[in-house]
Every structure is written in structure tokens, then in C-alpha cells.
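A.B. asks: Have a peek at my_file_1.cif (mmCIF, C-alpha atoms and all ligand atoms).
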```cif
data_entry
loop_
_atom_site.label_atom_id
_atom_site.label_comp_id
_atom_site.auth_asym_id
_atom_site.auth_seq_id
_atom_site.Cartn_x
_atom_site.Cartn_y
_atom_site.Cartn_z
CA MET N 1 5.73 -1.75 37.98
CA VAL N 2 6.58 -5.39 38.71
CA THR N 3 10.00 -4.95 37.06
CA CYS N 4 10.61 -1.78 39.04
CA SER N 5 9.82 -3.26 42.46
CA HIS N 6 11.76 -6.39 41.53
CA SER N 7 14.93 -4.45 40.65
CA LEU N 8 14.56 -2.30 43.78
CA SER N 9 14.44 -5.31 46.05
CA ALA N 10 17.39 -6.79 44.14
CA ASN N 11 19.37 -3.59 44.63
CA ILE N 12 18.97 -3.47 48.35
CA GLU N 13 19.69 -7.19 48.61
CA GLY N 14 16.90 -8.12 50.94
CA GLU N 15 17.30 -5.21 53.35
CA SER N 16 14.34 -2.97 54.11
CA VAL N 17 14.54 0.57 52.77
CA TYR N 18 14.68 1.86 56.34
CA ARG N 19 17.56 -0.40 57.33
CA LEU N 20 19.42 0.71 54.21
CA PHE N 21 18.75 4.35 55.10
CA LEU N 22 19.97 3.78 58.68
CA ASN N 23 23.15 2.21 57.39
CA ILE N 24 23.79 5.11 55.03
CA LEU N 25 23.20 7.60 57.85
CA ILE N 26 25.56 5.79 60.22
CA HIS N 27 28.15 5.51 57.46
CA ARG N 28 27.86 9.27 56.77
CA MET N 29 28.38 10.06 60.47
CA ASN N 30 31.52 7.92 60.46
CA VAL N 31 32.79 9.62 57.32
CA LEU N 32 32.18 13.02 58.91
CA GLY N 33 34.35 11.93 61.82
CA PHE N 34 31.64 11.64 64.48
CA ASP N 35 33.24 9.18 66.82
CA ILE N 36 30.17 8.06 68.75
CA CYS N 37 29.32 4.63 70.00
CA PRO N 38 27.27 2.43 67.67
CA VAL N 39 24.24 2.43 70.02
CA LEU N 40 24.08 6.23 70.03
CA GLN N 41 24.58 6.27 66.27
CA ALA N 42 21.67 3.92 65.86
CA LEU N 43 19.50 6.01 68.19
CA ILE N 44 20.28 9.20 66.24
CA ALA N 45 19.59 7.43 62.98
CA VAL N 46 16.28 6.07 64.29
CA ALA N 47 15.29 9.57 65.50
CA VAL N 48 16.09 11.10 62.09
CA VAL N 49 14.18 8.40 60.25
CA GLY N 50 11.27 8.78 62.70
CA LEU N 51 11.15 12.52 62.13
CA LEU N 52 11.29 12.17 58.35
CA THR N 53 8.55 9.56 58.49
CA ALA N 54 6.35 11.82 60.66
CA ILE N 55 6.87 14.75 58.26
CA SER N 56 6.04 12.58 55.25
CA ILE N 57 2.87 11.30 56.94
CA ILE N 58 1.73 14.83 57.84
CA LYS N 59 2.48 16.13 54.33
CA PHE N 60 0.50 13.22 52.92
CA TYR N 61 -2.29 13.89 55.45
CA ASN N 62 -2.34 17.57 54.38
CA PHE N 63 -2.56 16.52 50.77
CA VAL N 64 -5.36 14.02 51.34
CA THR N 65 -7.45 16.15 53.72
CA CYS N 66 -7.06 19.49 51.93
CA GLY N 67 -10.34 20.35 50.26
CA TYR N 68 -9.53 20.86 46.59
CA TYR N 69 -11.89 22.73 44.33
CA ARG N 70 -11.73 20.50 41.28
CA GLU N 71 -14.72 21.74 39.28
CA ARG N 72 -13.75 23.43 36.05
CA THR N 73 -16.16 26.36 36.47
CA LYS N 74 -15.30 29.10 34.00
CA MET N 75 -15.28 32.78 35.02
CA ASN N 76 -15.19 34.37 31.55
CA GLY N 77 -16.97 37.72 31.51
CA LYS N 78 -16.71 38.03 35.32
CA THR N 79 -14.67 40.63 37.16
CA VAL N 80 -13.00 39.78 40.44
CA ILE N 81 -11.07 41.96 42.88
CA VAL N 82 -8.47 40.09 44.95
CA THR N 83 -6.90 42.23 47.67
CA GLY N 84 -3.32 41.42 48.71
CA ALA N 85 -2.38 39.44 45.61
CA THR N 86 1.39 40.00 45.78
CA GLY N 87 2.10 36.76 47.61
CA GLY N 88 0.85 33.81 49.60
CA ILE N 89 -2.78 32.82 49.28
CA GLY N 90 -3.83 35.96 47.35
CA LYS N 91 -1.35 35.41 44.54
CA GLU N 92 -2.48 31.80 44.04
CA THR N 93 -6.15 32.87 44.23
CA ALA N 94 -5.56 35.49 41.53
CA ARG N 95 -3.73 32.94 39.37
CA GLU N 96 -6.47 30.32 39.73
CA LEU N 97 -9.25 32.81 38.90
CA ALA N 98 -7.27 34.11 35.92
CA LYS N 99 -6.87 30.52 34.69
CA ARG N 100 -10.65 30.25 34.76
CA GLY N 101 -10.94 33.28 32.48
CA ALA N 102 -11.93 36.03 34.94
CA ARG N 103 -10.86 39.65 34.64
CA VAL N 104 -8.72 39.83 37.78
CA ILE N 105 -8.02 43.13 39.51
CA MET N 106 -5.06 42.69 41.83
CA ALA N 107 -5.56 45.30 44.56
CA CYS N 108 -2.12 45.72 46.11
CA ARG N 109 -0.19 48.25 48.18
CA ASN N 110 3.14 47.55 46.48
CA VAL N 111 2.44 48.21 42.81
CA ASP N 112 5.94 47.39 41.54
CA SER N 113 6.06 43.89 42.99
CA ALA N 114 2.40 43.40 42.02
CA LYS N 115 3.23 44.20 38.38
CA ALA N 116 5.99 41.57 38.28
CA ILE N 117 3.59 39.01 39.76
CA ARG N 118 0.88 40.09 37.34
CA ASP N 119 3.23 39.26 34.42
CA GLU N 120 3.95 35.85 35.93
CA ILE N 121 0.20 35.16 36.36
CA VAL N 122 -0.60 36.33 32.82
CA GLU N 123 1.96 33.88 31.45
CA SER N 124 0.97 30.89 33.56
CA ALA N 125 -2.80 31.49 33.26
CA LYS N 126 -2.68 32.47 29.56
CA ASN N 127 -5.00 35.36 30.37
CA GLU N 128 -4.03 38.98 29.58
CA ASN N 129 -7.02 40.32 31.46
CA VAL N 130 -5.21 40.75 34.77
CA ILE N 131 -4.58 44.26 36.03
CA VAL N 132 -2.94 45.88 39.03
CA LYS N 133 -4.41 48.75 41.03
CA LYS N 134 -2.98 50.47 44.05
CA LEU N 135 -4.76 49.77 47.35
CA ASP N 136 -3.39 50.24 50.83
CA LEU N 137 -6.04 48.92 53.19
CA SER N 138 -4.46 50.64 56.17
CA SER N 139 -5.19 54.04 54.60
CA GLN N 140 -8.74 55.29 54.21
CA SER N 141 -7.71 57.82 51.56
CA SER N 142 -6.12 55.00 49.52
CA ILE N 143 -9.29 52.89 49.90
CA ARG N 144 -11.46 55.80 48.75
CA ALA N 145 -9.20 56.53 45.75
CA PHE N 146 -9.19 52.83 44.75
CA ALA N 147 -12.98 52.50 45.07
CA GLU N 148 -13.59 55.72 43.16
CA ASP N 149 -11.35 54.44 40.33
CA ILE N 150 -13.13 51.05 40.25
CA VAL N 151 -16.62 52.58 40.22
CA ARG N 152 -15.58 54.99 37.44
CA THR N 153 -13.78 52.47 35.21
CA GLU N 154 -15.34 49.04 35.74
CA GLN N 155 -18.63 47.99 34.21
CA ARG N 156 -19.26 45.25 36.72
CA LEU N 157 -17.92 43.52 39.83
CA ASP N 158 -18.86 39.89 40.34
CA VAL N 159 -16.60 38.98 43.25
CA LEU N 160 -14.96 41.10 45.92
CA LEU N 161 -12.41 38.88 47.62
CA HIS N 162 -11.09 40.32 50.88
CA ASN N 163 -7.83 38.41 51.14
CA ALA N 164 -5.18 40.94 52.25
CA GLY N 165 -4.07 40.66 55.84
CA THR N 166 -1.30 41.55 58.22
CA ALA N 167 -0.16 40.58 61.72
CA GLU N 168 1.94 43.46 63.09
CA ASN N 169 4.33 42.81 65.98
CA LYS N 170 4.25 46.29 67.50
CA ILE N 171 1.87 49.20 67.90
CA ILE N 172 1.65 51.09 64.65
CA LYS N 173 -0.87 53.89 64.36
CA THR N 174 -2.14 54.55 60.87
CA GLU N 175 -2.71 58.01 59.39
CA ASP N 176 -6.36 57.57 60.43
CA ASN N 177 -5.32 56.97 64.04
CA LEU N 178 -6.20 53.29 63.93
CA GLU N 179 -4.20 50.28 65.13
CA LYS N 180 -2.66 48.92 61.91
CA THR N 181 -3.65 45.24 62.13
CA MET N 182 -7.29 46.15 62.82
CA ALA N 183 -7.20 48.89 60.17
CA THR N 184 -5.87 46.56 57.45
CA ASN N 185 -7.79 43.41 58.33
CA HIS N 186 -11.16 44.78 59.43
CA PHE N 187 -11.84 48.54 59.17
CA GLY N 188 -10.33 48.73 55.66
CA PRO N 189 -12.40 45.86 54.17
CA PHE N 190 -15.46 47.26 56.00
CA LEU N 191 -15.03 50.65 54.28
CA LEU N 192 -14.16 49.14 50.90
CA THR N 193 -17.27 46.93 50.95
CA HIS N 194 -19.45 50.01 51.50
CA LEU N 195 -17.83 51.93 48.68
CA LEU N 196 -18.23 49.06 46.18
CA ILE N 197 -21.64 47.76 47.26
CA ASP N 198 -23.65 49.57 44.58
CA LEU N 199 -21.48 48.14 41.80
CA LEU N 200 -21.80 44.66 43.35
CA LYS N 201 -25.59 45.05 43.52
CA ARG N 202 -25.74 46.20 39.90
CA SER N 203 -23.74 43.09 38.91
CA ALA N 204 -25.93 40.65 40.89
CA PRO N 205 -25.71 37.74 41.38
CA SER N 206 -22.40 38.67 42.93
CA ARG N 207 -20.33 37.59 45.91
CA ILE N 208 -18.22 38.91 48.75
CA VAL N 209 -15.66 36.48 50.14
CA VAL N 210 -13.77 37.20 53.36
CA VAL N 211 -10.60 35.32 54.30
CA ALA N 212 -10.84 34.94 58.09
CA SER N 213 -8.98 32.42 60.27
CA GLU N 214 -9.62 29.66 62.80
CA LEU N 215 -7.22 31.60 65.05
CA TYR N 216 -10.23 33.77 65.94
CA ARG N 217 -10.92 31.09 68.55
CA PHE N 218 -7.99 32.43 70.63
CA ALA N 219 -9.65 35.84 70.93
CA SER N 220 -12.77 37.57 72.03
CA LEU N 221 -14.16 40.78 70.64
CA ASN N 222 -13.82 43.60 73.17
CA LEU N 223 -16.40 46.03 71.84
CA ASN N 224 -15.27 48.62 74.41
CA ASN N 225 -11.78 48.71 72.94
CA LEU N 226 -11.79 47.91 69.23
CA ASN N 227 -8.88 50.23 68.49
CA PRO N 228 -6.26 49.67 71.22
CA THR N 229 -3.51 52.03 70.10
CA THR N 230 -1.75 52.10 73.48
CA SER N 231 -1.88 48.76 75.32
CA TRP N 232 -1.50 45.82 73.06
CA ILE N 233 -0.36 42.19 72.95
CA PRO N 234 1.28 41.53 69.57
CA PRO N 235 -0.44 38.51 68.00
CA TYR N 236 -3.69 39.10 69.86
CA MET N 237 -4.97 41.90 67.63
CA TYR N 238 -4.55 39.59 64.63
CA TYR N 239 -6.85 37.05 66.27
CA VAL N 240 -9.30 39.83 67.18
CA SER N 241 -9.28 41.14 63.59
CA LYS N 242 -10.10 37.65 62.30
CA TYR N 243 -12.93 37.42 64.83
CA ALA N 244 -14.15 40.77 63.48
CA ASN N 245 -13.96 39.38 59.90
CA ILE N 246 -16.44 36.66 60.87
CA CYS N 247 -18.87 38.93 62.75
CA PHE N 248 -18.68 41.45 59.90
CA THR N 249 -19.53 38.74 57.34
CA ASN N 250 -22.49 37.51 59.40
CA GLU N 251 -24.00 40.98 59.74
CA LEU N 252 -23.22 41.84 56.11
CA ALA N 253 -24.93 38.66 54.91
CA GLN N 254 -28.02 39.51 56.93
CA LYS N 255 -28.15 43.04 55.54
CA LEU N 256 -27.66 41.76 51.96
CA GLU N 257 -30.41 39.11 52.18
CA GLY N 258 -32.51 39.32 49.00
CA SER N 259 -30.15 41.75 47.23
CA GLY N 260 -28.52 39.16 44.96
CA VAL N 261 -25.16 39.73 46.70
CA THR N 262 -23.92 37.03 49.07
CA ALA N 263 -21.22 37.20 51.75
CA ASN N 264 -19.33 34.21 53.13
CA CYS N 265 -16.08 33.76 55.03
CA LEU N 266 -13.47 31.05 55.31
CA HIS N 267 -10.41 29.62 56.98
CA PRO N 268 -7.78 28.75 54.34
CA GLY N 269 -5.89 26.23 56.51
CA MET N 270 -2.49 26.80 58.13
CA ILE N 271 -0.42 27.98 55.20
CA ASP N 272 3.29 28.54 54.54
CA SER N 273 3.01 32.22 53.59
CA GLY N 274 4.31 35.68 54.48
CA ILE N 275 1.76 36.23 57.26
CA TRP N 276 4.22 34.75 59.79
CA ARG N 277 7.04 37.16 58.90
CA ASN N 278 6.62 39.36 61.98
CA VAL N 279 6.91 36.58 64.56
CA PRO N 280 9.89 37.71 66.68
CA VAL N 281 13.20 35.93 67.32
CA PRO N 282 13.60 33.32 68.85
CA LEU N 283 9.98 32.18 68.48
CA ASN N 284 10.32 32.29 64.71
CA TRP N 285 13.12 29.65 64.62
CA PRO N 286 11.03 26.64 65.69
CA LEU N 287 8.04 28.17 63.91
CA LYS N 288 9.93 28.24 60.60
CA LEU N 289 10.67 24.54 60.97
CA ILE N 290 7.05 23.77 61.84
CA ILE N 291 5.79 25.85 58.90
CA LYS N 292 8.11 24.19 56.38
CA CYS N 293 7.36 20.70 57.68
CA PHE N 294 3.68 20.79 58.49
CA PHE N 295 1.85 23.70 56.87
CA LYS N 296 0.05 23.62 53.54
CA THR N 297 1.21 25.42 50.41
CA PRO N 298 -0.40 28.70 49.23
CA ALA N 299 -1.81 26.78 46.24
CA GLN N 300 -3.61 24.50 48.71
CA GLY N 301 -4.56 27.56 50.80
CA CYS N 302 -6.41 29.26 47.93
CA GLN N 303 -8.82 26.38 47.28
CA THR N 304 -11.67 27.49 49.56
CA SER N 305 -11.40 31.12 48.36
CA VAL N 306 -11.68 29.95 44.74
CA PHE N 307 -14.54 27.61 45.64
CA LEU N 308 -16.52 30.46 47.24
CA ALA N 309 -15.71 32.81 44.37
CA CYS N 310 -16.91 30.54 41.58
CA SER N 311 -18.73 27.38 42.56
CA GLU N 312 -22.36 27.15 41.50
CA GLU N 313 -22.91 25.00 44.58
CA VAL N 314 -22.66 28.14 46.75
CA GLN N 315 -24.40 30.54 44.36
CA ASN N 316 -27.19 31.26 46.87
CA VAL N 317 -25.39 30.43 50.09
CA ASN N 318 -25.13 33.45 52.37
CA GLY N 319 -23.53 34.14 55.77
CA ARG N 320 -21.68 30.85 56.21
CA TYR N 321 -18.18 29.87 57.30
CA PHE N 322 -16.11 27.42 55.22
CA MET N 323 -12.96 25.36 55.54
CA ASP N 324 -11.53 22.88 53.01
CA CYS N 325 -14.35 23.79 50.59
CA LYS N 326 -16.98 22.66 53.10
CA GLU N 327 -19.24 24.58 55.42
CA THR N 328 -18.14 24.36 59.04
CA THR N 329 -19.33 25.54 62.44
CA LEU N 330 -18.46 28.70 64.36
CA SER N 331 -18.12 29.21 68.09
CA ARG N 332 -21.25 30.46 69.86
CA GLY N 333 -19.61 33.86 70.42
CA ALA N 334 -18.83 34.32 66.74
CA MET N 335 -22.47 33.58 65.87
CA ASP N 336 -23.79 36.17 68.33
CA MET N 337 -25.70 38.55 66.08
CA SER N 338 -26.08 41.24 68.75
CA LYS N 339 -22.28 41.38 68.94
CA ALA N 340 -22.06 41.53 65.12
CA LYS N 341 -24.57 44.38 65.02
CA LYS N 342 -22.68 46.37 67.65
CA LEU N 343 -19.38 45.76 65.83
CA TRP N 344 -20.99 47.10 62.65
CA GLU N 345 -22.18 50.27 64.34
CA LEU N 346 -18.80 50.93 65.94
CA SER N 347 -16.96 50.18 62.68
CA GLU N 348 -19.01 52.85 60.89
CA GLY N 349 -17.34 55.38 63.17
CA PHE N 350 -13.79 53.98 62.91
CA ALA N 351 -14.08 53.72 59.12
CA ASN N 352 -15.28 57.35 58.99
CA LEU N 353 -18.28 56.56 56.83
CA SER N 354 -19.99 59.77 55.78
CA PRO N 355 -23.74 60.29 55.22
CA THR N 356 -23.08 60.51 51.47
CA ASP N 357 -21.37 57.09 51.32
CA PRO N 358 -23.41 54.13 50.06
CA LYS N 359 -25.43 52.35 52.75
CA ILE N 360 -25.60 48.59 53.12
N1 LIG V 1 -1.16 31.79 56.23
C1 LIG V 1 -2.06 31.23 57.06
O1 LIG V 1 -1.81 30.19 57.69
C2 LIG V 1 -3.41 31.86 57.22
C3 LIG V 1 -4.34 31.21 58.04
C4 LIG V 1 -5.59 31.78 58.19
C5 LIG V 1 -5.91 32.94 57.53
N2 LIG V 1 -4.99 33.57 56.74
C6 LIG V 1 -5.39 34.81 56.06
O2 LIG V 1 -5.11 34.67 54.68
C7 LIG V 1 -5.00 35.97 54.10
C8 LIG V 1 -3.81 36.01 53.17
O3 LIG V 1 -2.63 35.93 53.95
P1 LIG V 1 -1.35 35.08 53.54
O4 LIG V 1 -1.26 33.97 54.49
O5 LIG V 1 -1.33 34.80 52.10
O6 LIG V 1 -0.21 36.13 53.95
P2 LIG V 1 0.84 36.96 53.07
O7 LIG V 1 1.66 36.04 52.24
O8 LIG V 1 1.54 37.84 54.05
O9 LIG V 1 -0.05 37.83 52.11
C9 LIG V 1 -0.75 38.95 52.62
C10 LIG V 1 -1.09 39.88 51.48
O10 LIG V 1 -1.77 41.00 52.04
C11 LIG V 1 -1.14 42.18 51.58
N3 LIG V 1 -1.27 43.30 52.49
C12 LIG V 1 -0.79 43.42 53.74
N4 LIG V 1 -1.08 44.63 54.23
C13 LIG V 1 -1.76 45.29 53.25
C14 LIG V 1 -2.33 46.59 53.14
N5 LIG V 1 -2.22 47.47 54.13
N6 LIG V 1 -2.96 46.92 52.00
C15 LIG V 1 -3.06 46.05 50.98
N7 LIG V 1 -2.52 44.82 51.02
C16 LIG V 1 -1.89 44.44 52.15
C17 LIG V 1 0.32 41.78 51.42
O11 LIG V 1 0.97 42.73 50.57
P3 LIG V 1 2.55 43.01 50.63
O12 LIG V 1 3.17 42.07 49.67
O13 LIG V 1 2.67 44.42 50.19
O14 LIG V 1 2.99 42.80 52.05
C18 LIG V 1 0.16 40.41 50.79
O15 LIG V 1 -0.09 40.52 49.41
C19 LIG V 1 -4.91 36.95 55.28
O16 LIG V 1 -6.16 37.57 55.45
C20 LIG V 1 -4.62 36.05 56.46
O17 LIG V 1 -5.11 36.60 57.67
C21 LIG V 1 -3.74 33.05 56.56
#
```
Would you mind giving the structure from this file in C-alpha cells?

C.D. replies:
Amino acid sequence: MVTCSHSLSANIEGESVYRLFLNILIHRMNVLGFDICPVLQALIAVAVVGLLTAISIIKFYNFVTCGYYRERTKMNGKTVIVTGATGGIGKETARELAKRGARVIMACRNVDSAKAIRDEIVESAKNENVIVKKLDLSSQSSIRAFAEDIVRTEQRLDVLLHNAGTAENKIIKTEDNLEKTMATNHFGPFLLTHLLIDLLKRSAPSRIVVVASELYRFASLNLNNLNPTTSWIPPYMYYVSKYANICFTNELAQKLEGSGVTANCLHPGMIDSGIWRNVPVPLNWPLKLIIKCFFKTPAQGCQTSVFLACSEEVQNVNGRYFMDCKETTLSRGAMDMSKAKKLWELSEGFANLSPTDPKI
């Protein structure tokens, strides 16, 4: 260490690293033929160094403040469903749970890409017990087929992890006549939870984990228009769906009290993932830069999901909201249980629950 710092200071002959960097930058500009006055060159160099320093500080801040789940809790003998495990946070969640020995069911709409990712996870996690099943959360027939298959073939279900999500940039009506973002992010998980609840109860203690988002704070829940298939502001329905995730979890937790099944939700952080892919040009240009410079990685983004799926610390915790592996507070509106109850009742209709479906 001493030798290393000694030789470094010898190499730069008394200059600070920054001054050396500035000189290199100015030299490069000269080489590239930029004939600008030395003052401007220095200003540009200072701006570049300032920006790089800011990015490094924020990356370091992200690293230090990200809540990491460091316990080595094993999940052998446990079965976990992770929806939307083909990329981003879901893929890293599936990998982390597989590393801990769980049987991981990757519930994905694109089976071909899911199978390639499954092979990658099997190799890195050294766990063959990872399988892919088809699930399109925007289609109620797909959800019913998936749930029927799970109930018929799986002995137990210890964790249902609602991770899949989308943020559409135009009005898309699903085959069930629902707005697609709401269908995928809220009505789909609502229906799936009902169809798997008996298996979860039979496997108790078991857990339901819902990946919500702090962006819910930009929305309110208009209970008179939960399925706006005509007038629509692009990103807004995403925020509304995340609001719905939280209210759904709160009501679900209350209904499950004493059943041995818990339900909690979380914000994963701002993560460099595919969720931003539908942001339109030209908004996406600065956003891409911001994402690459300042957002956390999917591996950092999966930490709170993994924590809620396996930590013994939250074994009996029910109906709470987490961020960075710690419980955090919700807005007053999101904690309004009368709103949550009404959302539940309306969702029963939109999800087309039938009298023969399991009740929660
Ligand atoms: N990234 C963030 O900053 C952030 C912040 C807060 C919350 N979240 C939440 O984190 C969760 C994971 O998102 P991500 O950031 O990892 O985004 P992502 O990289 O886009 O991953 C989303 C996953 O959901 C799947 N999916 C989308 N529509 C589906 C459908 N109809 N049926 C089944 N699966 C579907 C995608 O599958 P395909 O590969 O087939 O598209 C993909 O596997 C989402 O619930 C999101 O709202 C993300």
C-alpha cells in the first residue's frame, strides 16, 4: 500500500491527479484539432472533471446507501414464483433465490427468452431446480391456465413474488377490455393471488411480496375510473398501478391476518432496467444518461425483494412497505383502508372473479 501510493506520487511528479487529468484532457483536445483558447479549454476540462466527480460520488452514495440483504438464509425445500423474471429486477431476484437453494418458478410471458435466462441462472446459481412457465399477466386466460398448472403440479408454494410490471406509452386494450398497464400491474396480480391463495395457505407460513414503487406518490387512485381505456396520460397509469399495488397489499394483509400467509410491498429503488424502454423520444435521451449515471443496478434493485422473500426478521410482518430492506412510511392516502377496500371490491369485477374462484 505504502509502496503503491509512493510510486503513484512519483509518477505524477508532485501534480495532483486532477491536474494531471486536466492536462491530459487539454492535450487530447489539442491533438483532436480543437483550436480553442486555453481559458475555454480549462473551463471545459473543469466541467468534465466536475461531472465525472459528481457521477462517482452518486455511484458511491448508491452503493453505500443501498440496503443489501447480506444474511445467508437458505431456501432449500421452498418453492418461489417470481413473475417477470426475464430481465431487470426479476431476473436478479430469481438468481439470488436460486443461489439460496429455492425451487424457482420463473413466470414469464416470453418463454424462449426465459429459457435462455433460466440456463444462465442455473449455471451461476449451481441450482438445477429452476423452471420456466408461461404467464402473461395482461391476459386473464393465461393467468388462469398458469394457476391451474401450478395448483395441479406443485406440492407447495412458499413465496409468490409479484415482480412483473410494464409502463405502456399508449392506450392498449387487452383481450379482457382492460387498459394494459393496469391489467398487467394490478388486475393480473390480483387475480393470480386469488387463484393461488389456497396453495399458499396450505404451505403456511408463506409470503406474498409485491414490487410497488415510490412513484405512486405522483398519482392518486381515481376509484371512479380504474380502467381508463379512452382518455389517458402515458406515464400516469403506471403511477396509478403502483398506487393500486400498495392499497391491494394493505387490504390483502388485513384479510390474511391469522392465516399464516403474509403480504408486504416494496420500492426497489430507481433501477437501470427495461421498465424505462417506452419513454418516448426525445425525453428518453437525457433519461438514458441519467439512468446510466445515477440509477442502481438490477442486482442492487433485487435486495429488498429477496429480503422480504426469505428473511426470518420479517417472518411475521404483515401489511408493511419496505425500501432498502427497511420498513418505511406511506402517504396518508395510500394508508386509507376505506380506499383499499373499495379498490378490492372494484378489482373483483375487473378481474372477472367467479363465485367458484377461491375467496381471500
Ligand atoms: N426500474 C425501476 O426503477 C423500478 C422502480 C420501482 C419499481 N419498479 C418495479 O419493479 C418491477 C420489475 O421491473 P424492472 O424495473 O425490472 O423492469 P423490466 O426490466 O422491464 O422487467 C419487467 C419484467 O416484467 C415482465 N412483464 C412485462 N409485462 C408482462 C406481462 N404482461 N406478463 C408477464 N410478464 C410481464 C417483463 O417481461 P418481458 O421480458 O417479456 O418484457 C420483464 O421480465 C416492476 O413491477 C416495476 O414496476 C421498478

A.B. asks: Of the candidates N:Ala125, N:Cys302, N:Ala244, N:Ile143, which shows the shortest atom-to-atom distance to Asn222 of chain N, using all atoms listed in the file?

C.D. replies: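 For Asn222 of chain N, the nearest of the given residues is N:Ala244.
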
A.B. asks: For segment 148-161 of chain N, list every protein, DNA or RNA residue within 6 Å, evaluated using all atoms listed in the file, and leave out those in the same chain fewer than 6 positions away; present the list as a JSON list (two decimals) with C-alpha atoms, keeping the file's coordinate frame.

C.D. replies:
```
[["chain", "number", "residue", "atom", "x", "y", "z"],
["N", 78, "LYS", "CA", -16.71, 38.03, 35.32],
["N", 79, "THR", "CA", -14.67, 40.63, 37.16],
["N", 80, "VAL", "CA", -13.00, 39.78, 40.44],
["N", 81, "ILE", "CA", -11.07, 41.96, 42.88],
["N", 82, "VAL", "CA", -8.47, 40.09, 44.95],
["N", 200, "LEU", "CA", -21.80, 44.66, 43.35],
["N", 203, "SER", "CA", -23.74, 43.09, 38.91],
["N", 206, "SER", "CA", -22.40, 38.67, 42.93],
["N", 207, "ARG", "CA", -20.33, 37.59, 45.91],
["N", 208, "ILE", "CA", -18.22, 38.91, 48.75],
["N", 209, "VAL", "CA", -15.66, 36.48, 50.14]]
```

A.B. asks: To check your reading of the model: which residues sit at most 7 Å from ligand LIG 1 (chain V) when counting all atoms listed in the file? Write the answer as JSON, numbers by chain.

C.D. replies: {"N": [83, 84, 85, 86, 87, 88, 89, 90, 107, 108, 109, 110, 135, 136, 137, 138, 163, 164, 165, 166, 184, 185, 211, 212, 213, 214, 242, 267, 268, 269, 270, 271, 272, 273, 274, 275, 298]}

A.B. asks: Check the smallest atom-to-atom distance from each of N:His162, N:Gly333, N:Lys342, N:Phe294 to Cys265 of chain N using all atoms listed in the file, then report the winner.

C.D. replies: N:His162

A.B. asks: Taking only C-alpha atoms into account, name the residue in N:Asp176, N:Asp336, N:Glu313, N:Glu257 that is nearest to Ala351 of chain N.

C.D. replies: N:Asp176

A.B. asks: Just how far from atom CA of Ala334 of chain N is atom CA of Ala147 of chain N, in Å to one decimal?

C.D. replies: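 Computed distance, atom CA of Ala147 of chain N to atom CA of Ala334 of chain N, equals 28.9 Å.
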
A.B. asks: Do you have the atom CA of Ile246 of chain N-atom CA of Tyr216 of chain N distance handy?

C.D. replies: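 Taking atom CA of Ile246 of chain N and atom CA of Tyr216 of chain N, their separation equals 8.5 Å.
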
A.B. asks: From the options N:Ile291, N:Ala94, N:Ile58, N:Ala47, which residue's atoms come nearest to Ile117 of chain N, counting only C-alpha atoms?

C.D. replies: N:Ala94

A.B. asks: Enter the distance from atom CA of Thr356 of chain N to atom CA of Pro205 of chain N, in Å, rounded to one decimal.

C.D. replies: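 Value for the atom CA of Thr356 of chain N-atom CA of Pro205 of chain N distance: 25.0 Å.
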